Structure formats: C-alpha cells, structure tokens
$ cat target-v4.csv   # CSV, C-alpha atoms
chain,number,residue,atom,x,y,z
B,1,MET,CA,-24.4,109.5,-3.2
B,2,PHE,CA,-27.8,109.0,-1.6
B,3,GLU,CA,-27.8,112.5,-0.1
B,4,PRO,CA,-30.7,113.7,-2.2
B,5,LEU,CA,-32.8,110.7,-1.2
B,6,TYR,CA,-32.1,111.4,2.5
B,7,ILE,CA,-33.0,115.1,2.1
B,8,TRP,CA,-36.2,114.3,0.1
B,9,LEU,CA,-37.3,111.8,2.8
B,10,GLU,CA,-36.5,114.1,5.7
B,11,GLU,CA,-38.4,116.9,4.2
B,12,SER,CA,-41.6,114.9,3.7
B,13,ALA,CA,-44.5,115.8,5.9
B,14,PHE,CA,-44.6,112.4,7.6
B,15,SER,CA,-41.0,112.5,8.5
B,16,ILE,CA,-41.3,116.0,10.0
B,17,TRP,CA,-44.4,114.9,11.9
B,18,MET,CA,-42.5,111.9,13.3
B,19,ARG,CA,-39.6,114.0,14.5
B,20,GLU,CA,-41.4,117.1,15.7
B,21,SER,CA,-44.8,116.2,16.9
B,22,PRO,CA,-45.1,116.4,20.7
B,23,SER,CA,-47.8,113.7,20.5
B,24,MET,CA,-47.3,110.5,22.5
B,25,PHE,CA,-48.7,108.7,19.5
B,26,ALA,CA,-46.0,110.0,17.1
B,27,PHE,CA,-42.4,108.8,17.6
B,28,PRO,CA,-42.8,107.4,21.2
B,29,GLY,CA,-46.0,105.4,20.5
B,30,ILE,CA,-44.7,104.0,17.2
B,31,LEU,CA,-41.4,103.0,18.8
B,32,ALA,CA,-43.3,101.4,21.7
B,33,ALA,CA,-45.5,99.4,19.2
B,34,HIS,CA,-42.3,98.3,17.4
B,35,THR,CA,-41.2,96.7,20.7
B,36,VAL,CA,-44.5,95.0,21.3
B,37,GLY,CA,-44.5,93.6,17.8
B,38,LEU,CA,-40.9,92.3,18.4
B,39,ALA,CA,-42.2,90.5,21.5
B,40,PHE,CA,-44.9,88.7,19.5
B,41,ILE,CA,-42.9,87.7,16.4
B,42,ALA,CA,-39.5,87.0,18.0
B,43,GLY,CA,-40.9,85.8,21.4
B,44,LEU,CA,-43.3,83.2,19.9
B,45,ASN,CA,-40.8,82.1,17.3
B,46,GLY,CA,-38.2,81.8,20.1
B,47,ALA,CA,-40.7,79.6,22.1
B,48,LEU,CA,-41.1,77.4,19.1
B,49,ASP,CA,-37.3,77.2,18.6
B,50,LEU,CA,-36.9,76.3,22.3
B,51,ARG,CA,-39.4,73.5,21.9
B,52,LEU,CA,-37.6,72.1,18.9
B,53,LEU,CA,-34.4,72.2,21.0
B,54,GLY,CA,-35.9,70.0,23.6
B,55,VAL,CA,-37.8,72.3,26.0
B,56,ALA,CA,-41.4,71.3,27.0
B,57,ARG,CA,-41.3,68.1,25.0
B,58,SER,CA,-44.9,67.3,25.9
B,59,ILE,CA,-46.1,70.1,23.6
B,60,PRO,CA,-46.3,68.7,20.0
B,61,PRO,CA,-44.5,71.3,17.7
B,62,VAL,CA,-47.6,71.4,15.5
B,63,ALA,CA,-49.4,73.2,18.4
B,64,PHE,CA,-47.3,76.3,17.8
B,65,THR,CA,-48.8,76.7,14.3
B,66,ARG,CA,-51.9,77.9,16.1
B,67,PHE,CA,-50.0,80.9,17.2
B,68,LEU,CA,-49.0,81.9,13.7
B,69,PRO,CA,-51.7,84.6,13.4
B,70,TYR,CA,-50.2,86.3,16.4
B,71,MET,CA,-46.7,86.0,15.0
B,72,TRP,CA,-47.8,87.5,11.7
B,73,PHE,CA,-49.6,90.2,13.6
B,74,GLY,CA,-46.3,91.1,15.3
B,75,LEU,CA,-44.4,90.9,12.1
B,76,TRP,CA,-46.8,93.2,10.2
B,77,VAL,CA,-46.9,95.7,13.1
B,78,ASN,CA,-43.1,95.8,12.9
B,79,ILE,CA,-42.9,96.2,9.2
B,80,VAL,CA,-45.3,99.2,9.4
B,81,THR,CA,-43.8,100.8,12.5
B,82,GLY,CA,-40.3,100.0,11.3
B,83,ILE,CA,-40.9,101.9,8.1
B,84,ALA,CA,-42.3,104.8,10.1
B,85,VAL,CA,-39.3,105.0,12.4
B,86,LEU,CA,-37.0,104.7,9.3
B,87,LEU,CA,-38.8,107.6,7.6
B,88,ALA,CA,-38.4,109.7,10.8
B,89,TYR,CA,-34.6,109.5,10.7
B,90,PRO,CA,-33.6,108.0,7.3
B,91,THR,CA,-30.0,109.3,7.3
B,92,LYS,CA,-29.5,107.8,10.8
B,93,ALA,CA,-30.5,104.3,9.7
B,94,LEU,CA,-29.3,104.2,6.1
B,95,THR,CA,-25.8,105.5,6.8
B,96,ASN,CA,-25.3,102.9,9.6
B,97,PRO,CA,-24.0,99.4,8.6
B,98,VAL,CA,-25.6,97.9,11.7
B,99,PHE,CA,-29.0,98.8,10.2
B,100,TYR,CA,-28.3,96.5,7.2
B,101,LEU,CA,-27.0,93.8,9.5
B,102,LYS,CA,-30.3,94.0,11.5
B,103,LEU,CA,-32.4,93.7,8.3
B,104,GLY,CA,-30.2,90.8,7.1
B,105,LEU,CA,-30.6,89.0,10.4
B,106,ILE,CA,-34.4,89.4,10.3
B,107,ALA,CA,-34.5,88.1,6.7
B,108,ALA,CA,-32.4,85.1,7.8
B,109,ALA,CA,-34.7,84.4,10.7
B,110,LEU,CA,-37.8,84.6,8.4
B,111,VAL,CA,-36.2,82.4,5.8
B,112,MET,CA,-35.4,79.8,8.5
B,113,LEU,CA,-38.9,79.9,9.8
B,114,ARG,CA,-40.2,78.3,6.6
B,115,PRO,CA,-38.5,74.9,6.9
B,116,ILE,CA,-39.1,75.1,10.7
B,117,LEU,CA,-42.9,75.4,10.1
B,118,ARG,CA,-42.8,72.7,7.4
B,119,PHE,CA,-41.4,70.4,10.0
B,120,ALA,CA,-44.0,71.4,12.6
B,121,ARG,CA,-46.8,70.8,10.2
B,122,THR,CA,-45.6,67.2,9.6
B,123,ASN,CA,-47.0,66.6,13.1
B,124,ARG,CA,-43.9,64.6,14.3
B,125,ASN,CA,-42.5,64.9,17.8
B,126,ASP,CA,-39.0,63.5,17.1
B,127,VAL,CA,-37.1,66.5,16.0
B,128,ASP,CA,-34.4,65.7,13.4
B,129,LEU,CA,-30.9,67.1,13.6
B,130,THR,CA,-31.4,69.5,10.7
B,131,THR,CA,-34.5,71.0,12.3
B,132,ARG,CA,-32.6,71.4,15.7
B,133,LEU,CA,-29.8,73.2,14.0
B,134,LEU,CA,-32.3,75.4,12.2
B,135,ALA,CA,-34.0,76.2,15.6
B,136,ALA,CA,-30.6,77.1,17.2
B,137,ALA,CA,-29.7,79.3,14.2
B,138,SER,CA,-33.2,80.9,14.3
B,139,LEU,CA,-32.8,81.7,18.0
B,140,ALA,CA,-29.4,83.2,17.4
B,141,ALA,CA,-30.6,85.3,14.4
B,142,TRP,CA,-33.5,86.8,16.4
B,143,ALA,CA,-31.3,87.5,19.4
B,144,ALA,CA,-28.7,89.2,17.2
B,145,ALA,CA,-31.4,91.1,15.3
B,146,ILE,CA,-32.8,92.4,18.6
B,147,ALA,CA,-29.3,93.4,19.9
B,148,ALA,CA,-28.4,95.1,16.6
B,149,GLY,CA,-31.7,97.0,16.7
B,150,ARG,CA,-30.9,98.2,20.2
B,151,LEU,CA,-27.4,99.2,19.3
B,152,LEU,CA,-28.6,101.4,16.4
B,153,ALA,CA,-28.9,104.2,18.9
B,154,TYR,CA,-25.2,103.9,19.8
B,155,THR,CA,-23.6,103.1,16.5
B,156,CYS,CA,-25.1,105.8,14.2
B,157,ASN,CA,-22.8,108.4,12.7
B,158,ARG,CA,-25.4,111.0,11.4
B,159,LEU,CA,-28.8,111.8,12.9
B,160,THR,CA,-30.1,113.8,10.0
B,161,VAL,CA,-28.5,115.1,6.8
B,162,ASP,CA,-27.1,118.1,8.6
B,163,SER,CA,-26.6,116.9,12.2
B,164,PRO,CA,-24.3,114.3,13.7
B,165,CYS,CA,-25.5,111.6,16.0
H,166,MET,CA,-45.0,108.8,48.2
H,167,VAL,CA,-42.2,111.5,48.4
H,168,PRO,CA,-40.4,110.0,51.5
H,169,LEU,CA,-40.5,106.6,49.9
H,170,GLN,CA,-39.1,108.0,46.7
H,171,LEU,CA,-36.3,109.8,48.5
H,172,ALA,CA,-35.5,106.6,50.4
H,173,LEU,CA,-35.4,104.6,47.2
H,174,GLU,CA,-33.2,107.2,45.5
H,175,ARG,CA,-30.8,107.1,48.4
H,176,PHE,CA,-30.8,103.3,48.4
H,177,PHE,CA,-30.1,102.9,44.7
H,178,GLN,CA,-27.4,105.6,44.8
H,179,ASP,CA,-25.3,103.4,47.0
H,180,PHE,CA,-23.8,101.3,44.2
H,181,PRO,CA,-21.0,103.3,42.8
H,182,ALA,CA,-19.2,100.2,41.4
H,183,VAL,CA,-22.3,99.3,39.3
H,184,ALA,CA,-22.7,102.9,38.1
H,185,ALA,CA,-19.0,103.0,37.1
H,186,LEU,CA,-19.4,99.8,35.1
H,187,MET,CA,-22.6,101.1,33.5
H,188,GLU,CA,-20.9,104.4,32.5
H,189,THR,CA,-18.1,102.6,30.5
H,190,ALA,CA,-18.5,102.9,26.8
H,191,TRP,CA,-20.4,99.6,26.3
H,192,GLY,CA,-21.9,99.1,29.8
H,193,TRP,CA,-25.3,100.7,29.2
H,194,PRO,CA,-25.8,99.4,25.6
H,195,ILE,CA,-24.9,95.8,26.6
H,196,LEU,CA,-27.3,95.9,29.5
H,197,GLU,CA,-30.0,97.3,27.3
H,198,CYS,CA,-29.5,94.4,24.9
H,199,ILE,CA,-29.8,91.9,27.8
H,200,HIS,CA,-33.0,93.7,29.0
H,201,PHE,CA,-34.5,93.3,25.5
H,202,LEU,CA,-33.5,89.7,25.2
H,203,GLY,CA,-35.0,89.0,28.6
H,204,LEU,CA,-38.2,90.8,27.5
H,205,THR,CA,-38.4,88.5,24.5
H,206,LEU,CA,-37.9,85.3,26.5
H,207,LEU,CA,-40.4,86.4,29.1
H,208,PHE,CA,-43.0,87.6,26.6
H,209,GLY,CA,-42.6,84.7,24.2
H,210,SER,CA,-43.0,81.9,26.8
H,211,ILE,CA,-45.8,83.6,28.7
H,212,ALA,CA,-47.7,84.5,25.5
H,213,ALA,CA,-47.7,80.9,24.4
H,214,TRP,CA,-49.0,79.9,27.8
H,215,ASP,CA,-51.6,82.7,27.8
H,216,LEU,CA,-52.8,81.8,24.3
H,217,ARG,CA,-53.4,78.2,25.5
H,218,LEU,CA,-55.4,79.5,28.5
H,219,LEU,CA,-57.4,81.6,26.0
H,220,GLY,CA,-58.3,78.4,24.2
H,221,LEU,CA,-55.8,78.1,21.3
H,222,ALA,CA,-54.2,74.7,20.7
H,223,LYS,CA,-56.9,73.1,22.9
H,224,ASP,CA,-56.0,69.6,21.9
H,225,VAL,CA,-52.8,69.9,23.9
H,226,PRO,CA,-53.3,69.6,27.7
H,227,ILE,CA,-52.7,72.8,29.7
H,228,ALA,CA,-50.1,70.9,31.8
H,229,ALA,CA,-47.9,70.5,28.7
H,230,PHE,CA,-47.8,74.2,28.1
H,231,HIS,CA,-47.0,74.8,31.8
H,232,ARG,CA,-43.5,73.6,31.0
H,233,LEU,CA,-42.9,76.9,29.3
H,234,VAL,CA,-43.6,79.0,32.5
H,235,PRO,CA,-40.1,78.4,34.1
H,236,TYR,CA,-38.6,80.0,31.0
H,237,ALA,CA,-40.8,83.1,31.5
H,238,VAL,CA,-39.5,83.2,35.1
H,239,VAL,CA,-35.9,83.1,33.8
H,240,GLY,CA,-36.8,86.0,31.4
H,241,PHE,CA,-38.3,87.9,34.3
H,242,ALA,CA,-35.2,87.3,36.5
H,243,ILE,CA,-32.9,88.5,33.7
H,244,ASN,CA,-35.0,91.7,33.4
H,245,ALA,CA,-35.4,92.3,37.1
H,246,ALA,CA,-31.6,92.0,37.5
H,247,SER,CA,-30.7,94.1,34.4
H,248,GLY,CA,-33.4,96.6,35.4
H,249,MET,CA,-31.7,97.0,38.8
H,250,PHE,CA,-28.5,98.0,37.0
H,251,PHE,CA,-30.3,100.9,35.3
H,252,LEU,CA,-31.8,102.0,38.6
H,253,MET,CA,-28.5,101.9,40.4
H,254,THR,CA,-26.9,104.1,37.7
H,255,THR,CA,-29.5,106.9,37.4
H,256,PRO,CA,-32.1,106.2,40.1
H,257,ASN,CA,-33.8,109.6,39.8
H,258,GLN,CA,-34.6,109.1,36.1
H,259,TYR,CA,-36.9,106.2,37.1
H,260,ILE,CA,-38.1,107.0,40.6
H,261,TYR,CA,-39.7,110.3,39.5
H,262,ASN,CA,-40.8,109.0,36.1
H,263,PRO,CA,-44.5,108.5,35.5
H,264,ALA,CA,-43.9,106.0,32.7
H,265,PHE,CA,-41.8,103.9,35.2
H,266,HIS,CA,-44.5,104.2,37.9
H,267,LEU,CA,-47.1,102.8,35.5
H,268,LYS,CA,-44.7,100.1,34.3
H,269,MET,CA,-44.1,98.9,37.9
H,270,LEU,CA,-47.8,99.0,38.6
H,271,CYS,CA,-48.4,96.7,35.6
H,272,VAL,CA,-45.6,94.4,36.7
H,273,ALA,CA,-47.3,94.2,40.1
H,274,LEU,CA,-50.7,93.5,38.6
H,275,ALA,CA,-49.2,90.8,36.3
H,276,GLY,CA,-47.6,89.3,39.4
H,277,ALA,CA,-51.0,89.4,41.3
H,278,ASN,CA,-52.6,87.8,38.3
H,279,VAL,CA,-50.1,84.9,38.5
H,280,LEU,CA,-50.7,84.6,42.2
H,281,VAL,CA,-54.5,84.5,41.9
H,282,PHE,CA,-54.1,82.0,39.1
H,283,TYR,CA,-52.0,79.5,41.1
H,284,VAL,CA,-54.1,79.9,44.2
H,285,THR,CA,-57.6,79.6,42.7
H,286,MET,CA,-57.4,77.7,39.4
H,287,PHE,CA,-54.1,75.9,38.7
H,288,ARG,CA,-54.8,72.6,40.5
H,289,ARG,CA,-58.0,72.0,38.7
H,290,LEU,CA,-56.6,73.1,35.3
H,291,VAL,CA,-53.6,70.8,35.2
H,292,ARG,CA,-55.9,67.8,35.7
H,293,LEU,CA,-57.9,68.7,32.6
H,294,GLY,CA,-57.1,66.5,29.6
H,295,PRO,CA,-56.8,67.6,26.0
H,296,GLY,CA,-59.7,69.4,24.5
H,297,ALA,CA,-60.5,71.4,27.6
H,298,ARG,CA,-60.9,75.1,27.2
H,299,GLY,CA,-61.3,76.0,30.9
H,300,PRO,CA,-63.9,78.4,32.4
H,301,ALA,CA,-64.2,82.1,31.5
H,302,PHE,CA,-62.1,83.3,34.4
H,303,VAL,CA,-59.2,81.2,33.1
H,304,ARG,CA,-59.5,82.9,29.8
H,305,PHE,CA,-59.7,86.2,31.5
H,306,SER,CA,-56.4,85.5,33.4
H,307,GLY,CA,-54.7,84.6,30.1
H,308,LEU,CA,-55.9,87.8,28.5
H,309,ALA,CA,-55.0,90.0,31.5
H,310,SER,CA,-51.5,88.6,31.4
H,311,LEU,CA,-51.1,89.2,27.7
H,312,VAL,CA,-52.4,92.8,28.0
H,313,LEU,CA,-50.4,93.6,31.1
H,314,TRP,CA,-47.1,92.5,29.8
H,315,SER,CA,-47.7,94.4,26.5
H,316,VAL,CA,-48.4,97.5,28.6
H,317,VAL,CA,-45.2,96.9,30.6
H,318,ILE,CA,-43.3,96.9,27.3
H,319,VAL,CA,-45.0,100.1,26.1
H,320,CYS,CA,-44.3,101.9,29.4
H,321,GLY,CA,-40.7,100.7,29.4
H,322,ARG,CA,-40.2,102.3,26.0
H,323,MET,CA,-41.9,105.4,27.2
H,324,ILE,CA,-39.5,105.9,30.1
H,325,THR,CA,-37.1,107.9,27.9
H,326,PHE,CA,-39.8,110.3,26.9
H,327,TYR,CA,-40.9,111.0,30.4
H,328,ARG,CA,-37.6,111.6,32.0
H,329,PRO,CA,-37.8,114.1,34.9
H,330,GLU,CA,-35.3,116.9,35.0
H,331,VAL,CA,-32.2,115.6,36.8
H,332,CYS,CA,-33.3,115.7,40.4
H,333,GLN,CA,-30.6,116.9,42.8
H,334,PRO,CA,-31.5,116.7,46.5
H,335,GLY,CA,-28.7,119.1,47.2
H,336,ASP,CA,-30.6,121.9,45.5
H,337,PRO,CA,-33.8,122.2,47.5
H,338,ILE,CA,-35.8,124.6,45.3
H,339,GLY,CA,-35.0,123.0,42.0
H,340,PHE,CA,-35.5,119.6,43.5
H,341,LEU,CA,-39.0,120.5,44.8
H,342,ALA,CA,-40.0,122.2,41.5
H,343,THR,CA,-38.8,119.4,39.2
H,344,CYS,CA,-38.9,116.2,41.2
H,345,VAL,CA,-41.6,116.5,43.9
H,346,VAL,CA,-44.3,118.8,42.6
H,347,ARG,CA,-44.5,117.4,39.1
$ encode --input "target-v4.csv" --output "structure tokens"
Amino acid sequence: MFEPLYIWLEESAFSIWMRESPSMFAFPGILAAHTVGLAFIAGLNGALDLRLLGVARSIPPVAFTRFLPYMWFGLWVNIVTGIAVLLAYPTKALTNPVFYLKLGLIAAALVMLRPILRFARTNRNDVDLTTRLLAAASLAAWAAAIAAGRLLAYTCNRLTVDSPC
Amino acid sequence: MVPLQLALERFFQDFPAVAALMETAWGWPILECIHFLGLTLLFGSIAAWDLRLLGLAKDVPIAAFHRLVPYAVVGFAINAASGMFFLMTTPNQYIYNPAFHLKMLCVALAGANVLVFYVTMFRRLVRLGPGARGPAFVRFSGLASLVLWSVVIVCGRMITFYRPEVCQPGDPIGFLATCVVR
C-alpha cells in the first residue's frame, strides 16, 4: 500500500547519498551520532530514574534538572539523525513492526519523563510510590527502546523496495 | 605490533564454546543489546558525575555525586565482559580494525584520566562542601572523560565500517596483504 512512498523516499537525493556515499560522515557518522545522542538522553534519564529508585540518595532529585539541556541535546541529535537513518532505508524501517515498537517505547519514556520532572522540581527528597513506579517504568522503556533499536538490524524483512534484508 | 596482534588473535580463538553460543540465531543480537545497555549505564552515570565536576549542580557536594561512580563501573564491567564475547567469536575483525584500535586507545586514556583523578584530586574534592566548583584541572578531567567516552561510542559504531578482510593466518600471502600491511 505504501510502496509508492517507499520508492519516492528511496529515490530522493538525500536517501541515495546516505546509502551510497563512501564518506565517513554519511551513514557511518550519522549512525555513530545517533548512539552518542542515545547515551545522553537515555543515560542521563536512566541516572535520574536510578536516583528516584534509591541510588545515591544524597543527591537531591532536583539537581538532575540541571542536566536537562544535555538530555534535550541528546534527544534532538537523535530526532535529526534518526530521521536521516530512516530516510536512508525507509522500506527497512517502515515494514518492520519492531520499528513502531521502538518509537512507541521512546514516546512512552518521554511521556513518563514529564511527571518525573514535575516531582524533581518540587525539590522533595522523599520519593513517593507513584514516582518510584514511574522511574522503574521509564528505565524499562528506555532499555526496551535501546534493545528494539539494536534488533532492527536482525528483524527487518526488506532492505529496500527491491531487495530483501 | 604484528606479533602482539597474532598472539592476541591466537588467544581469543581458543574459546570455541563461546563462539558456538554467539553463532546461534540470537547469540550475537542479544549480546549486542547487552553491550548497548551497558554503554547507557556507563555513560549516563559517568556523564552526571562529569557534569558535576564541570560545575553544574554546584549546590550539591561532589561527594554525593560520587555515589553514581560504582554504577559506571558496573556498566564498564558489563561492556568489558560482553566485548570479550565479540572478540572470542571473530577476533580478527577487531584485532586488525583501526576503529577498534582507536576505541581501545580512548578506553585506556579514559582509564588513565580516572587514575590521575583519584591520585591527585579526589581526596581534596570530597571534602569540599556545597557550592564548590573545584579548580580548572578538575573541570578538565570531567570534560576529558565526557569527550573520551563519546569518542569510544563513535569508534565502537565505526568498527563495522572498518572491518578488515577476513584474516586467515593459514594463507600467508593473503594474510600479509589484508591483515598486516594495511
């Protein structure tokens, strides 16, 4: 059904450049940046989740809000590089259910980050049960999103419109 | 370098049980997932600590943030162990790979940075109360750690794109051409 969309995307100049450029700054560099971005957003969010679950109790949760610019930096790097990698192989991602699972898990983690940050900004050190549950779910969602992302390479059915994975 | 590489290759080839496990349908993918989760734990905990050294969240004593360091060590241990699994399965894909060489160099430099930090500044820093930013070399140490671990991640991702031809010591001419000279 979406065949024409895949063909149109794959024939775009950017998509061809991503797939065929021998430059280290094309596909390899953009994929590497995607992993660094992941480390910033999921890594720092994970550290905040661990704190809410009882790790390093002497750090007030509000301190982690100072790291937000670095988390947003990681998130934006990954939105941009993620779109670039998607444009390189649109059929590969869009025909794989695991890709939608990954996006859903990231969305869930970001939705959960809102009440987690709201708690952190109240400047309280006694973490209530709801926030602890949210932190555990956030940690699980990021971990599952990372695993799903990694498994995209192994679960795809089609690489491009006319080649299998 | 070459005799060392040959010795390393021979050493890592000696684990057929690990290689057999890794070559099962889900062996390699699962280990990759573990390696990425370890990376996230290591980077997340060490980045929070590094950013504190750089002067963010100054109102929290440095000693409080030091509680995160053991989690970075756990992340590192997970990745050292899972990394060994990759090496034991296809040693020549790493031992002759320039991206892997640079990755290991940066891991060593990050390790040296940690060592210098604990030997020269740690004792004074943990006694500092809230509000202390620490001298310039402390900030340099935090920045160096952040940059080095980022480069480690980039080089790790680059390994795939710098794979040497399969190096077979049994085939002397091909081995020399593809594995030693390059």
$ closest_residue --input "target-v4.csv" --among "H:Ala297, H:Ala213, H:Val238, H:Val303" --to "Pro226 in chain H" --atoms "only C-alpha atoms"
H:Ala297
$ interface_residues --input "target-v4.csv" --of "chain B" --to "chain H" --cutoff "9 Å" --atoms "all atoms listed in the file" --output "PyMOL selection string"
chain B and resi 24+28-29+31-33+35-36+38-47+51+55-60+63-67+143+146-151+153-154
$ closest_residue --input "target-v4.csv" --among "B:Phe73, B:Phe25, B:Phe99, B:Phe2" --to "Leu152 in chain B" --atoms "all atoms listed in the file"
B:Phe99
$ atom_distance --input "target-v4.csv" --atom1 "CA of Met253 in chain H" --atom2 "CA of Phe180 in chain H"
6.1 Å
$ residues_near_point --input "target-v4.csv" --point "(-33.4, 102.9, 41.3)" --cutoff "8 Å" --atoms "only C-alpha atoms" --output "number ranges by chain"
H: 173-174, 176-178, 249, 251-257, 259-260
$ atom_distance --input "target-v4.csv" --atom1 "CA of Leu313 in chain H" --atom2 "CA of Phe265 in chain H"
14.0 Å
$ residues_around --input "target-v4.csv" --residues "Val80 in chain B" --least-positions-apart "4" --cutoff "12 Å" --atoms "all atoms listed in the file" --output "PDB file with C-alpha atoms, in the coordinates of the input"
ATOM      1  CA  ILE B  30     -44.700 104.000  17.200  1.00  0.00           C
ATOM      2  CA  LEU B  31     -41.400 103.000  18.800  1.00  0.00           C
ATOM      3  CA  ALA B  33     -45.500  99.400  19.200  1.00  0.00           C
ATOM      4  CA  HIS B  34     -42.300  98.300  17.400  1.00  0.00           C
ATOM      5  CA  GLY B  37     -44.500  93.600  17.800  1.00  0.00           C
ATOM      6  CA  PHE B  73     -49.600  90.200  13.600  1.00  0.00           C
ATOM      7  CA  GLY B  74     -46.300  91.100  15.300  1.00  0.00           C
ATOM      8  CA  LEU B  75     -44.400  90.900  12.100  1.00  0.00           C
ATOM      9  CA  TRP B  76     -46.800  93.200  10.200  1.00  0.00           C
ATOM     10  CA  ALA B  84     -42.300 104.800  10.100  1.00  0.00           C
ATOM     11  CA  VAL B  85     -39.300 105.000  12.400  1.00  0.00           C
ATOM     12  CA  LEU B  86     -37.000 104.700   9.300  1.00  0.00           C
ATOM     13  CA  LEU B  87     -38.800 107.600   7.600  1.00  0.00           C
TER      14      LEU B  87
END
